[in-house]
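Undergrad: This is the structure, below, for whatever I ask next.
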Amino acid sequence: MINTKIYKAVYELAEKLMKAAAKDDRATFETLYAELQAICIEHENTDKDHPEQWETLADFAEELEDALALYEKALAKATAMDSKDHLSSIGFSMAMLQVELGQTDAAVQSLQQAQESARRIEDGDLKVEIDELLEQLTAGKPVV
């Protein structure tokens with residue numbers, strides 16, 4: 001379980017990051033991203049480390065390769081905790097980036113792992129998104 005204080009800080013930073021991005025306020029976005037990154041680094045490999053903070057950091061990373069590396073870190077932490085919800089959402093997010101980077105085989109693999117984890121979660125919408133994207137990729141259909 002994520003520490004409540006850290007969860008609130010991460011959630012509030014995520015909201016502010018979305019607002020800064022929507023306003024195209026680069027300076028504020030970079031400052032907020034640095035704050036989020038500092039939280040992740042401060043708690044890395046402590047009892048307060050959690051995949052959610054790394055997943056959120058990855059969500060706002062501007063370079064696809066950087067985001068993918070952060071999702072991989074979040075995935076490792078979710079695997080260690082056996083957090084099916086995080087394994088599913090991180091796997092789906094990774095697959096979306098892998099598709100964007102032209103890494104279809106890797107995306108299929110990420111989705112298959114996410115699909116396996118999603119069997120034991122309650123988020124029906126995420127399950128459908130995973131299934132639909134996996135079906136598109138394995139059928140060779142273009143991803144929209």
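Following the order of the structure tokens, chains are lettered A, B, ..., residues in each are numbered from 1, and ligands are numbered from 1.
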Write out as a PyMOL selection string the residues lying within 10 Å of segment 75-86 of chain A, counting only C-alpha atoms and excluding same-chain residues fewer than 2 positions away.

TA: chain A and resi 1+44-45+49-52+54-55+69-73+88-92+94+114-123+126

Undergrad: What's around Thr138 of chain A at 12 Å? Count only C-alpha atoms, leave out sequence neighbours fewer than 6 positions away in its own chain, and write the answer as an mmCIF file with C-alpha atoms, in the first residue's frame.

TA:
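Final output, selection.cif:
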```
data_model
loop_
_atom_site.group_PDB
_atom_site.id
_atom_site.type_symbol
_atom_site.label_atom_id
_atom_site.label_comp_id
_atom_site.auth_asym_id
_atom_site.auth_seq_id
_atom_site.Cartn_x
_atom_site.Cartn_y
_atom_site.Cartn_z
ATOM 1 C CA THR A 104 5.097 -4.330 -31.979
ATOM 2 C CA ASP A 105 6.483 -7.624 -30.654
ATOM 3 C CA ALA A 106 7.404 -6.003 -27.338
ATOM 4 C CA ALA A 107 3.949 -4.379 -27.188
ATOM 5 C CA VAL A 108 2.254 -7.751 -27.711
ATOM 6 C CA GLN A 109 4.368 -9.250 -24.936
ATOM 7 C CA LEU A 111 -0.152 -6.718 -23.349
ATOM 8 C CA GLN A 112 -0.131 -10.477 -22.816
ATOM 9 C CA ASP A 131 -7.940 -6.999 -24.952
ATOM 10 C CA GLU A 132 -8.798 -4.659 -27.837
#
```

Undergrad: Interatomic distance between atom CA of Gln113 of chain A and atom CA of Gln53 of chain A?

TA: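 Value for the atom CA of Gln113 of chain A-atom CA of Gln53 of chain A distance: 20.8 Å.
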
Undergrad: Can you tell me, as a PyMOL selection string, which residues in chain A count as alpha helix (DSSP H) by DSSP?

TA: chain A and resi 4-22+26-43+51-60+64-81+84-100+104-118+124-138

Undergrad: Using only C-alpha atoms for the distances, tell me which of A:Asp47, A:Ala61, A:Asp125, A:Lys19 is nearest to Ala34 of chain A.

TA: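 Looking only at the distances to Ala34 of chain A, the closest residue turns out to be A:Ala61.
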
Undergrad: So, with only C-alpha atoms as the atoms that count, which of A:Lys48, A:Lys141, A:Lys5, A:Lys16 lies closest to Glu30 of chain A?

TA: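 Distance minimum relative to Glu30 of chain A lands on A:Lys16.
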
Undergrad: Could you check which of A:Leu68, A:Gly124, A:Pro142, A:Ala74 is closest to Leu97 of chain A, using only C-alpha atoms?

TA: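 Of all the options, A:Leu68 lies closest to Leu97 of chain A.
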